[in-house]
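S.K.: Sharing query.cif below, mmCIF, C-alpha atoms:
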```
data_model
#
loop_
_atom_site.group_PDB
_atom_site.id
_atom_site.type_symbol
_atom_site.label_atom_id
_atom_site.label_comp_id
_atom_site.auth_asym_id
_atom_site.auth_seq_id
_atom_site.Cartn_x
_atom_site.Cartn_y
_atom_site.Cartn_z
ATOM 1 C CA MET Z 10 49.693 -94.949 -14.823
ATOM 2 C CA TYR Z 11 48.144 -91.517 -14.424
ATOM 3 C CA VAL Z 12 46.265 -89.419 -16.982
ATOM 4 C CA VAL Z 13 46.255 -85.618 -17.052
ATOM 5 C CA THR Z 14 43.838 -83.731 -19.292
ATOM 6 C CA GLY Z 15 45.163 -80.315 -20.266
ATOM 7 C CA ALA Z 16 48.664 -78.859 -20.097
ATOM 8 C CA GLY Z 17 48.033 -75.397 -18.701
ATOM 9 C CA PRO Z 18 49.818 -74.365 -15.491
ATOM 10 C CA VAL Z 19 47.969 -76.922 -13.336
ATOM 11 C CA GLY Z 20 48.015 -79.890 -15.709
ATOM 12 C CA TYR Z 21 51.619 -79.299 -16.721
ATOM 13 C CA THR Z 22 52.762 -79.056 -13.091
ATOM 14 C CA ILE Z 23 50.877 -82.194 -12.052
ATOM 15 C CA ALA Z 24 52.416 -84.164 -14.926
ATOM 16 C CA GLU Z 25 55.859 -82.824 -14.090
ATOM 17 C CA GLN Z 26 55.577 -83.676 -10.386
ATOM 18 C CA LEU Z 27 54.272 -87.184 -11.108
ATOM 19 C CA ALA Z 28 57.020 -87.914 -13.632
ATOM 20 C CA ASP Z 29 59.722 -86.541 -11.334
ATOM 21 C CA ALA Z 30 58.427 -88.971 -8.676
ATOM 22 C CA GLY Z 31 58.872 -91.888 -11.093
ATOM 23 C CA HIS Z 32 55.282 -92.335 -12.294
ATOM 24 C CA LYS Z 33 54.192 -92.877 -15.888
ATOM 25 C CA VAL Z 34 51.939 -90.071 -17.086
ATOM 26 C CA ARG Z 35 49.798 -89.647 -20.182
ATOM 27 C CA VAL Z 36 48.944 -86.028 -20.986
ATOM 28 C CA LEU Z 37 45.929 -85.492 -23.232
ATOM 29 C CA THR Z 38 45.615 -82.220 -25.167
ATOM 30 C CA ARG Z 39 44.407 -81.197 -28.594
ATOM 31 C CA SER Z 40 47.888 -79.874 -29.421
ATOM 32 C CA GLY Z 41 50.016 -82.676 -28.009
ATOM 33 C CA SER Z 42 51.731 -80.340 -25.543
ATOM 34 C CA GLY Z 43 53.056 -81.099 -22.072
ATOM 35 C CA PRO Z 44 56.335 -81.634 -20.218
ATOM 36 C CA GLU Z 45 59.213 -83.206 -22.100
ATOM 37 C CA HIS Z 46 60.109 -86.123 -19.835
ATOM 38 C CA PRO Z 47 60.909 -89.816 -20.458
ATOM 39 C CA LEU Z 48 57.926 -90.849 -18.330
ATOM 40 C CA VAL Z 49 55.468 -88.459 -19.961
ATOM 41 C CA GLU Z 50 53.493 -89.606 -23.005
ATOM 42 C CA ARG Z 51 51.922 -86.656 -24.815
ATOM 43 C CA VAL Z 52 48.807 -87.619 -26.762
ATOM 44 C CA ARG Z 53 46.683 -85.524 -29.096
ATOM 45 C CA ALA Z 54 43.083 -86.115 -28.031
ATOM 46 C CA ASP Z 55 39.751 -84.355 -27.663
ATOM 47 C CA VAL Z 56 38.741 -85.266 -24.116
ATOM 48 C CA SER Z 57 35.130 -84.291 -24.789
ATOM 49 C CA ASP Z 58 34.946 -87.196 -27.281
ATOM 50 C CA PRO Z 59 33.956 -90.367 -25.343
ATOM 51 C CA ALA Z 60 35.560 -92.723 -27.864
ATOM 52 C CA GLN Z 61 38.922 -90.965 -27.718
ATOM 53 C CA LEU Z 62 38.854 -90.620 -23.955
ATOM 54 C CA ASN Z 63 37.808 -94.198 -23.216
ATOM 55 C CA GLU Z 64 40.797 -95.463 -25.149
ATOM 56 C CA ALA Z 65 43.226 -92.930 -23.682
ATOM 57 C CA ILE Z 66 42.516 -93.642 -20.007
ATOM 58 C CA GLN Z 67 42.627 -97.432 -20.155
ATOM 59 C CA GLY Z 68 44.853 -98.644 -17.328
ATOM 60 C CA ALA Z 69 44.804 -95.337 -15.446
ATOM 61 C CA THR Z 70 44.405 -95.291 -11.680
ATOM 62 C CA ALA Z 71 43.607 -91.570 -11.590
ATOM 63 C CA VAL Z 72 42.594 -88.844 -14.019
ATOM 64 C CA PHE Z 73 43.510 -85.238 -13.250
ATOM 65 C CA HIS Z 74 41.001 -83.180 -15.205
ATOM 66 C CA CYS Z 75 42.565 -79.761 -15.772
ATOM 67 C CA ILE Z 76 40.643 -78.444 -18.781
ATOM 68 C CA HIS Z 77 39.235 -74.921 -18.714
ATOM 69 C CA GLY Z 78 36.594 -73.206 -20.811
ATOM 70 C CA SER Z 79 37.592 -71.750 -24.163
ATOM 71 C CA ALA Z 80 36.699 -68.255 -22.903
ATOM 72 C CA TYR Z 81 36.271 -66.611 -19.517
ATOM 73 C CA ARG Z 82 32.533 -66.280 -20.004
ATOM 74 C CA ALA Z 83 29.575 -67.939 -18.327
ATOM 75 C CA SER Z 84 28.112 -68.843 -21.713
ATOM 76 C CA ALA Z 85 31.275 -70.701 -22.739
ATOM 77 C CA TRP Z 86 31.519 -72.468 -19.403
ATOM 78 C CA ALA Z 87 27.875 -73.572 -19.532
ATOM 79 C CA ALA Z 88 28.246 -74.862 -23.081
ATOM 80 C CA GLU Z 89 31.524 -76.725 -22.542
ATOM 81 C CA LEU Z 90 32.361 -77.678 -18.974
ATOM 82 C CA PRO Z 91 29.405 -79.832 -17.817
ATOM 83 C CA HIS Z 92 29.601 -82.016 -20.932
ATOM 84 C CA ALA Z 93 33.376 -82.415 -20.724
ATOM 85 C CA GLU Z 94 33.237 -83.349 -17.048
ATOM 86 C CA GLN Z 95 30.422 -85.835 -17.662
ATOM 87 C CA VAL Z 96 32.452 -87.548 -20.395
ATOM 88 C CA VAL Z 97 35.518 -87.745 -18.140
ATOM 89 C CA MET Z 98 33.554 -89.109 -15.187
ATOM 90 C CA ASP Z 99 31.759 -91.671 -17.342
ATOM 91 C CA ALA Z 100 35.073 -92.925 -18.739
ATOM 92 C CA ALA Z 101 36.738 -92.929 -15.321
ATOM 93 C CA ALA Z 102 33.881 -94.858 -13.725
ATOM 94 C CA ALA Z 103 34.156 -97.511 -16.442
ATOM 95 C CA ALA Z 104 37.938 -97.699 -15.973
ATOM 96 C CA GLY Z 105 37.799 -97.704 -12.174
ATOM 97 C CA ALA Z 106 39.829 -94.500 -11.903
ATOM 98 C CA VAL Z 107 39.320 -91.580 -9.530
ATOM 99 C CA VAL Z 108 38.908 -88.131 -11.091
ATOM 100 C CA VAL Z 109 40.642 -85.216 -9.378
ATOM 101 C CA PHE Z 110 39.509 -81.701 -10.243
ATOM 102 C CA PRO Z 111 41.093 -78.326 -9.503
ATOM 103 C CA GLU Z 112 38.345 -76.065 -8.221
ATOM 104 C CA SER Z 113 37.875 -72.370 -7.498
ATOM 105 C CA LEU Z 114 36.306 -70.422 -4.646
ATOM 106 C CA TYR Z 115 33.495 -69.185 -6.899
ATOM 107 C CA SER Z 116 30.810 -71.507 -5.508
ATOM 108 C CA TYR Z 117 31.180 -70.287 -1.924
ATOM 109 C CA SER Z 118 27.975 -68.490 -1.004
ATOM 110 C CA GLU Z 119 29.269 -66.690 2.107
ATOM 111 C CA PRO Z 120 32.593 -65.293 0.845
ATOM 112 C CA ASP Z 121 32.668 -62.450 3.371
ATOM 113 C CA ASN Z 122 33.495 -65.079 5.990
ATOM 114 C CA VAL Z 123 36.751 -67.034 5.989
ATOM 115 C CA MET Z 124 36.029 -69.958 3.652
ATOM 116 C CA THR Z 125 36.718 -73.440 4.982
ATOM 117 C CA GLU Z 126 35.993 -76.917 3.673
ATOM 118 C CA ALA Z 127 32.738 -76.840 5.681
ATOM 119 C CA SER Z 128 31.510 -73.481 4.323
ATOM 120 C CA PRO Z 129 28.352 -73.483 2.182
ATOM 121 C CA ARG Z 130 28.880 -73.829 -1.550
ATOM 122 C CA ALA Z 131 25.553 -72.729 -2.981
ATOM 123 C CA ALA Z 132 26.323 -69.607 -5.045
ATOM 124 C CA THR Z 133 23.961 -68.950 -7.948
ATOM 125 C CA GLY Z 134 24.076 -67.108 -11.238
ATOM 126 C CA GLY Z 135 26.746 -66.723 -13.893
ATOM 127 C CA LYS Z 136 30.103 -68.398 -13.475
ATOM 128 C CA ARG Z 137 29.532 -68.865 -9.742
ATOM 129 C CA GLY Z 138 26.369 -70.868 -10.328
ATOM 130 C CA ILE Z 139 28.102 -73.007 -12.945
ATOM 131 C CA ARG Z 140 30.819 -73.972 -10.455
ATOM 132 C CA THR Z 141 28.119 -74.882 -7.918
ATOM 133 C CA ALA Z 142 26.380 -77.090 -10.493
ATOM 134 C CA LEU Z 143 29.650 -78.788 -11.467
ATOM 135 C CA LEU Z 144 30.337 -79.697 -7.840
ATOM 136 C CA ALA Z 145 26.826 -81.109 -7.482
ATOM 137 C CA ALA Z 146 27.211 -83.188 -10.660
ATOM 138 C CA ARG Z 147 30.472 -84.647 -9.382
ATOM 139 C CA GLN Z 148 28.849 -85.591 -6.097
ATOM 140 C CA ALA Z 149 25.939 -87.283 -7.878
ATOM 141 C CA HIS Z 150 28.048 -89.283 -10.350
ATOM 142 C CA ALA Z 151 29.012 -92.910 -9.887
ATOM 143 C CA ALA Z 152 32.687 -92.105 -10.412
ATOM 144 C CA ASP Z 153 34.923 -91.416 -7.431
ATOM 145 C CA THR Z 154 35.948 -87.757 -7.489
ATOM 146 C CA VAL Z 155 37.899 -85.246 -5.448
ATOM 147 C CA SER Z 156 37.671 -81.472 -5.897
ATOM 148 C CA VAL Z 157 40.653 -79.452 -4.633
ATOM 149 C CA VAL Z 158 39.837 -75.774 -4.154
ATOM 150 C CA ALA Z 159 42.439 -73.069 -4.689
ATOM 151 C CA GLY Z 160 42.562 -69.305 -4.427
ATOM 152 C CA ASP Z 161 43.859 -67.106 -7.236
ATOM 153 C CA PHE Z 162 46.822 -68.768 -8.907
ATOM 154 C CA PHE Z 163 50.432 -67.671 -8.938
ATOM 155 C CA GLY Z 164 53.620 -69.493 -9.786
ATOM 156 C CA PRO Z 165 55.650 -70.719 -12.763
ATOM 157 C CA ARG Z 166 53.713 -70.826 -16.059
ATOM 158 C CA VAL Z 167 50.835 -68.815 -14.591
ATOM 159 C CA LYS Z 168 50.111 -66.020 -17.056
ATOM 160 C CA MET Z 169 46.360 -65.414 -17.250
ATOM 161 C CA ALA Z 170 45.770 -64.534 -13.607
ATOM 162 C CA HIS Z 171 45.627 -61.484 -11.358
ATOM 163 C CA ALA Z 172 49.072 -62.432 -10.020
ATOM 164 C CA GLY Z 173 50.288 -63.531 -13.423
ATOM 165 C CA GLU Z 174 51.491 -61.569 -16.416
ATOM 166 C CA ARG Z 175 49.418 -58.474 -15.680
ATOM 167 C CA MET Z 176 51.336 -58.099 -12.417
ATOM 168 C CA VAL Z 177 54.758 -59.546 -13.263
ATOM 169 C CA ALA Z 178 55.292 -57.787 -16.612
ATOM 170 C CA PRO Z 179 55.013 -54.258 -15.146
ATOM 171 C CA ILE Z 180 57.271 -55.237 -12.226
ATOM 172 C CA LEU Z 181 59.989 -56.443 -14.577
ATOM 173 C CA ALA Z 182 59.568 -53.307 -16.706
ATOM 174 C CA GLY Z 183 59.843 -51.015 -13.685
ATOM 175 C CA LYS Z 184 56.300 -49.743 -14.126
ATOM 176 C CA ALA Z 185 53.348 -49.282 -11.784
ATOM 177 C CA VAL Z 186 50.949 -52.180 -11.267
ATOM 178 C CA GLN Z 187 47.242 -51.559 -11.637
ATOM 179 C CA PHE Z 188 44.869 -53.923 -9.840
ATOM 180 C CA ILE Z 189 41.090 -54.140 -9.778
ATOM 181 C CA GLY Z 190 38.923 -53.427 -6.753
ATOM 182 C CA SER Z 191 41.448 -52.654 -4.030
ATOM 183 C CA ALA Z 192 45.161 -53.182 -3.514
ATOM 184 C CA ARG Z 193 44.656 -53.201 0.267
ATOM 185 C CA GLN Z 194 42.143 -55.985 0.953
ATOM 186 C CA SER Z 195 43.318 -59.383 2.168
ATOM 187 C CA HIS Z 196 43.151 -62.008 -0.569
ATOM 188 C CA SER Z 197 44.105 -65.693 -0.759
ATOM 189 C CA PHE Z 198 46.588 -66.712 -3.445
ATOM 190 C CA THR Z 199 47.499 -70.359 -4.061
ATOM 191 C CA TYR Z 200 50.893 -71.408 -5.407
ATOM 192 C CA VAL Z 201 50.182 -73.760 -8.318
ATOM 193 C CA PRO Z 202 52.834 -76.366 -7.347
ATOM 194 C CA ASP Z 203 51.080 -76.632 -3.953
ATOM 195 C CA LEU Z 204 47.744 -77.216 -5.697
ATOM 196 C CA ALA Z 205 49.348 -79.884 -7.898
ATOM 197 C CA ALA Z 206 50.891 -81.631 -4.885
ATOM 198 C CA ALA Z 207 47.536 -81.609 -3.091
ATOM 199 C CA MET Z 208 45.719 -83.096 -6.076
ATOM 200 C CA ILE Z 209 48.312 -85.869 -6.373
ATOM 201 C CA ALA Z 210 48.139 -86.629 -2.652
ATOM 202 C CA ALA Z 211 44.326 -86.709 -2.753
ATOM 203 C CA ALA Z 212 44.358 -89.202 -5.631
ATOM 204 C CA GLN Z 213 46.471 -91.537 -3.515
ATOM 205 C CA LYS Z 214 44.207 -91.399 -0.446
ATOM 206 C CA PRO Z 215 40.909 -93.271 -1.103
ATOM 207 C CA GLU Z 216 39.621 -92.201 2.294
ATOM 208 C CA LEU Z 217 39.502 -88.626 0.953
ATOM 209 C CA TRP Z 218 37.674 -89.408 -2.273
ATOM 210 C CA ASN Z 219 34.235 -87.904 -2.836
ATOM 211 C CA THR Z 220 35.061 -84.861 -0.746
ATOM 212 C CA VAL Z 221 36.008 -81.231 -1.323
ATOM 213 C CA LEU Z 222 39.454 -80.264 -0.071
ATOM 214 C CA HIS Z 223 41.418 -77.028 0.048
ATOM 215 C CA ALA Z 224 44.850 -76.765 -1.531
ATOM 216 C CA PRO Z 225 47.550 -75.684 0.930
ATOM 217 C CA THR Z 226 47.373 -71.903 0.817
ATOM 218 C CA GLY Z 227 49.480 -69.463 2.792
ATOM 219 C CA PRO Z 228 48.211 -66.522 4.832
ATOM 220 C CA ALA Z 229 46.154 -64.048 2.833
ATOM 221 C CA VAL Z 230 47.982 -60.959 1.601
ATOM 222 C CA THR Z 231 46.880 -57.844 -0.214
ATOM 223 C CA GLN Z 232 47.421 -57.492 -3.931
ATOM 224 C CA GLY Z 233 49.961 -54.776 -3.135
ATOM 225 C CA GLU Z 234 51.853 -57.122 -0.809
ATOM 226 C CA MET Z 235 51.836 -59.842 -3.455
ATOM 227 C CA ALA Z 236 53.360 -57.440 -5.979
ATOM 228 C CA ALA Z 237 56.004 -56.369 -3.452
ATOM 229 C CA ALA Z 238 56.900 -60.019 -2.750
ATOM 230 C CA HIS Z 239 57.395 -60.713 -6.459
ATOM 231 C CA ALA Z 240 59.505 -57.577 -6.865
ATOM 232 C CA SER Z 241 61.683 -58.554 -3.907
ATOM 233 C CA ALA Z 242 62.177 -62.028 -5.400
ATOM 234 C CA ALA Z 243 63.268 -60.431 -8.671
ATOM 235 C CA GLY Z 244 65.663 -58.074 -6.885
ATOM 236 C CA VAL Z 245 63.900 -54.932 -8.070
ATOM 237 C CA ALA Z 246 62.184 -52.089 -6.280
ATOM 238 C CA ALA Z 247 58.640 -52.608 -5.099
ATOM 239 C CA PRO Z 248 56.320 -51.105 -7.706
ATOM 240 C CA LYS Z 249 53.861 -48.338 -7.209
ATOM 241 C CA VAL Z 250 50.404 -49.887 -7.093
ATOM 242 C CA GLY Z 251 46.974 -48.550 -7.872
ATOM 243 C CA ALA Z 252 43.507 -49.948 -8.320
ATOM 244 C CA VAL Z 253 40.665 -49.428 -10.778
ATOM 245 C CA PRO Z 254 37.555 -48.720 -8.666
ATOM 246 C CA GLY Z 255 34.657 -51.092 -9.038
ATOM 247 C CA TRP Z 256 32.320 -48.378 -10.290
ATOM 248 C CA VAL Z 257 34.578 -47.765 -13.293
ATOM 249 C CA LEU Z 258 34.400 -51.433 -14.268
ATOM 250 C CA ARG Z 259 30.641 -51.518 -13.704
ATOM 251 C CA VAL Z 260 30.171 -48.604 -16.090
ATOM 252 C CA ALA Z 261 32.460 -50.281 -18.623
ATOM 253 C CA GLY Z 262 30.398 -53.447 -18.225
ATOM 254 C CA VAL Z 263 27.404 -51.683 -19.737
ATOM 255 C CA PHE Z 264 29.259 -51.630 -23.047
ATOM 256 C CA SER Z 265 31.620 -54.619 -22.795
ATOM 257 C CA THR Z 266 30.802 -58.295 -22.334
ATOM 258 C CA ASP Z 267 34.295 -58.993 -21.048
ATOM 259 C CA MET Z 268 33.955 -56.262 -18.427
ATOM 260 C CA ARG Z 269 30.583 -57.656 -17.330
ATOM 261 C CA GLU Z 270 32.189 -61.052 -16.812
ATOM 262 C CA LEU Z 271 34.827 -59.404 -14.618
ATOM 263 C CA VAL Z 272 32.323 -57.298 -12.682
ATOM 264 C CA GLU Z 273 30.522 -60.469 -11.574
ATOM 265 C CA LEU Z 274 33.545 -61.342 -9.424
ATOM 266 C CA LEU Z 275 34.476 -57.880 -8.170
ATOM 267 C CA TYR Z 276 33.334 -58.876 -4.670
ATOM 268 C CA GLN Z 277 36.533 -60.939 -4.454
ATOM 269 C CA PHE Z 278 38.678 -57.812 -4.714
ATOM 270 C CA GLU Z 279 36.601 -55.111 -3.041
ATOM 271 C CA ARG Z 280 36.382 -56.952 0.293
ATOM 272 C CA PRO Z 281 38.539 -59.505 2.115
ATOM 273 C CA PHE Z 282 38.472 -62.822 0.251
ATOM 274 C CA VAL Z 283 40.158 -65.416 2.427
ATOM 275 C CA MET Z 284 40.298 -69.214 2.506
ATOM 276 C CA ASP Z 285 41.567 -71.496 5.278
ATOM 277 C CA SER Z 286 43.240 -74.756 4.254
ATOM 278 C CA SER Z 287 44.349 -76.010 7.677
ATOM 279 C CA VAL Z 288 41.975 -79.006 7.770
ATOM 280 C CA SER Z 289 43.020 -80.255 4.334
ATOM 281 C CA GLN Z 290 46.683 -79.662 5.093
ATOM 282 C CA ARG Z 291 46.377 -81.994 8.049
ATOM 283 C CA LEU Z 292 44.510 -84.636 6.013
ATOM 284 C CA LEU Z 293 46.980 -84.465 3.115
ATOM 285 C CA GLY Z 294 50.127 -84.062 5.175
ATOM 286 C CA LEU Z 295 51.131 -80.954 3.238
ATOM 287 C CA GLU Z 296 52.011 -77.339 4.003
ATOM 288 C CA PRO Z 297 51.955 -74.282 1.715
ATOM 289 C CA THR Z 298 55.265 -73.159 0.270
ATOM 290 C CA PRO Z 299 56.473 -70.003 2.075
ATOM 291 C CA LEU Z 300 55.718 -66.902 0.025
ATOM 292 C CA ALA Z 301 59.360 -65.870 -0.365
ATOM 293 C CA GLU Z 302 60.304 -69.312 -1.701
ATOM 294 C CA ALA Z 303 57.274 -69.446 -4.001
ATOM 295 C CA THR Z 304 57.860 -65.997 -5.483
ATOM 296 C CA ALA Z 305 61.552 -66.765 -5.973
ATOM 297 C CA ALA Z 306 60.671 -69.820 -8.073
ATOM 298 C CA THR Z 307 58.018 -67.816 -9.910
ATOM 299 C CA MET Z 308 60.328 -64.973 -10.868
ATOM 300 C CA ALA Z 309 63.106 -67.387 -11.814
ATOM 301 C CA TRP Z 310 60.692 -68.993 -14.282
ATOM 302 C CA TRP Z 311 59.714 -65.581 -15.623
ATOM 303 C CA GLY Z 312 63.365 -64.665 -16.037
ATOM 304 C CA ASP Z 313 63.947 -67.813 -18.090
ATOM 305 C CA ALA Z 314 60.814 -67.136 -20.129
ATOM 306 C CA VAL Z 315 61.977 -63.615 -20.978
ATOM 307 C CA LEU Z 316 65.380 -64.888 -22.063
ATOM 308 C CA GLN Z 317 63.824 -67.582 -24.254
ATOM 309 C CA ALA Z 318 61.563 -65.008 -25.897
ATOM 310 C CA LYS Z 319 64.540 -62.880 -27.015
#
```
Turn the structure described in the file into structure tokens.

M.R.:
Amino acid sequence: MYVVTGAGPVGYTIAEQLADAGHKVRVLTRSGSGPEHPLVERVRADVSDPAQLNEAIQGATAVFHCIHGSAYRASAWAAELPHAEQVVMDAAAAAGAVVVFPESLYSYSEPDNVMTEASPRAATGGKRGIRTALLAARQAHAADTVSVVAGDFFGPRVKMAHAGERMVAPILAGKAVQFIGSARQSHSFTYVPDLAAAMIAAAQKPELWNTVLHAPTGPAVTQGEMAAAHASAAGVAAPKVGAVPGWVLRVAGVFSTDMRELVELLYQFERPFVMDSSVSQRLLGLEPTPLAEATAATMAWWGDAVLQAK
């Protein structure tokens, strides 16, 4: 039996893939959400509560911890994430289960170079420093863990992302798409079903535990190219694209906390921001989904979502 904490795009997709493969899955969320499937048990639980979590993961062979902070702010992450991860790792160690984490590229301290599994992960300050500390805590804990790094998300159910609703909604409405930083710099985007498949494969390979892997991620594209690929998949004209210069956001950050949180990561969009997953692909036996196939599935999901909303 597998346990998934959280039912956002990553947790939901992991649970769905596991159940479709014939595995029993227990999804833990405060709301009781998750895929509707005969093999999926949806449980209301606060995974930061040790008593609730210890009971919920009994009998699990792996825990996929897919909880995010309540807000996209360093203060929220610092207050919530280390404690939640500690509780999960403590419970998993007691149950003899491996914990698999989705991870970002934020901790990489030399992002101007192509980021590989061997690149230094020692970034400091703000959200980047928090991700670095989380990785260190996982390495130091008695529990077996695997961290699977992904680029910016796209795919079905992905809304709150640079290649999510803020890009897809204008495309479907026939409007221009406005990006941040630059629409012409190479950027790595990871298809969420590929991340989910990599996390599942890592859980089933003990020889890869206690390492950091990269989710299968296709060749880097510009934000403009990503928008054009989604438009093509939807059968509509490629949108006009523009970009909000970094200096505009930096000025706005003087007055807005949310803008300051965004400015911290502008380096990812003003310069090339590229990851290489070839080593992990070989270890996991996986390949990234071709962009045309991935965007077709993404836009099909969006089409269904629009119809359901009417």

S.K.: Which protein, DNA or RNA residues are at most 10 Å from (25.3, -74.7, -5.1) in the file's coordinates when you count only C-alpha atoms, listed as a ChimeraX atom specification?

M.R.: /Z:116-118,129-134,137-145

S.K.: For this structure, which residues satisfy the selection - the PyMOL selection byres ((chain Z and resi 38-40) around 8) - when it is evaluated on the file as given? I want them as a list of chain:residue names.

M.R.: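 Against this file, the PyMOL selection byres ((chain Z and resi 38-40) around 8) returns the residues Z:Thr14, Z:Gly15, Z:Ala16, Z:Val36, Z:Leu37, Z:Gly41, Z:Ser42, Z:Arg51, Z:Val52, Z:Arg53, Z:Ala54, Z:Asp55, Z:Val56.
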
S.K.: Based on the selection just made, write C-alpha atoms of those residues as a PDB file, in the frame of the given file.

M.R.:
```
ATOM      1  CA  THR Z  14      43.838 -83.731 -19.292  1.00  0.00           C
ATOM      2  CA  GLY Z  15      45.163 -80.315 -20.266  1.00  0.00           C
ATOM      3  CA  ALA Z  16      48.664 -78.859 -20.097  1.00  0.00           C
ATOM      4  CA  VAL Z  36      48.944 -86.028 -20.986  1.00  0.00           C
ATOM      5  CA  LEU Z  37      45.929 -85.492 -23.232  1.00  0.00           C
ATOM      6  CA  GLY Z  41      50.016 -82.676 -28.009  1.00  0.00           C
ATOM      7  CA  SER Z  42      51.731 -80.340 -25.543  1.00  0.00           C
ATOM      8  CA  ARG Z  51      51.922 -86.656 -24.815  1.00  0.00           C
ATOM      9  CA  VAL Z  52      48.807 -87.619 -26.762  1.00  0.00           C
ATOM     10  CA  ARG Z  53      46.683 -85.524 -29.096  1.00  0.00           C
ATOM     11  CA  ALA Z  54      43.083 -86.115 -28.031  1.00  0.00           C
ATOM     12  CA  ASP Z  55      39.751 -84.355 -27.663  1.00  0.00           C
ATOM     13  CA  VAL Z  56      38.741 -85.266 -24.116  1.00  0.00           C
TER      14      VAL Z  56
END
```

S.K.: Could you please determine the separation between atom CA of Ala106 of chain Z and atom CA of Ala210 of chain Z in Å, to one decimal place?

M.R.: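 According to the coordinates, atom CA of Ala106 of chain Z and atom CA of Ala210 of chain Z are separated by 14.7 Å.
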
S.K.: If I take atom CA of Trp218 of chain Z and atom CA of Leu300 of chain Z, how far is one from the other in Å, to one decimal?

M.R.: 28.9 Å

S.K.: Specify as a ChimeraX atom specification each residue included when the PyMOL selection byres ((chain Z and resi 128) around 12) is applied to this file.

M.R.: /Z:114,116-127,129-132,221-223,283-286

S.K.: Just the selected residues (C-alpha atoms), exported as an mmCIF file, keeping the file's coordinate frame, please.

M.R.:
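Output contents, as saved in out-v3.cif:
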```
data_model
loop_
_atom_site.group_PDB
_atom_site.id
_atom_site.type_symbol
_atom_site.label_atom_id
_atom_site.label_comp_id
_atom_site.auth_asym_id
_atom_site.auth_seq_id
_atom_site.Cartn_x
_atom_site.Cartn_y
_atom_site.Cartn_z
ATOM 1 C CA LEU Z 114 36.306 -70.422 -4.646
ATOM 2 C CA SER Z 116 30.810 -71.507 -5.508
ATOM 3 C CA TYR Z 117 31.180 -70.287 -1.924
ATOM 4 C CA SER Z 118 27.975 -68.490 -1.004
ATOM 5 C CA GLU Z 119 29.269 -66.690 2.107
ATOM 6 C CA PRO Z 120 32.593 -65.293 0.845
ATOM 7 C CA ASP Z 121 32.668 -62.450 3.371
ATOM 8 C CA ASN Z 122 33.495 -65.079 5.990
ATOM 9 C CA VAL Z 123 36.751 -67.034 5.989
ATOM 10 C CA MET Z 124 36.029 -69.958 3.652
ATOM 11 C CA THR Z 125 36.718 -73.440 4.982
ATOM 12 C CA GLU Z 126 35.993 -76.917 3.673
ATOM 13 C CA ALA Z 127 32.738 -76.840 5.681
ATOM 14 C CA PRO Z 129 28.352 -73.483 2.182
ATOM 15 C CA ARG Z 130 28.880 -73.829 -1.550
ATOM 16 C CA ALA Z 131 25.553 -72.729 -2.981
ATOM 17 C CA ALA Z 132 26.323 -69.607 -5.045
ATOM 18 C CA VAL Z 221 36.008 -81.231 -1.323
ATOM 19 C CA LEU Z 222 39.454 -80.264 -0.071
ATOM 20 C CA HIS Z 223 41.418 -77.028 0.048
ATOM 21 C CA VAL Z 283 40.158 -65.416 2.427
ATOM 22 C CA MET Z 284 40.298 -69.214 2.506
ATOM 23 C CA ASP Z 285 41.567 -71.496 5.278
ATOM 24 C CA SER Z 286 43.240 -74.756 4.254
#
```
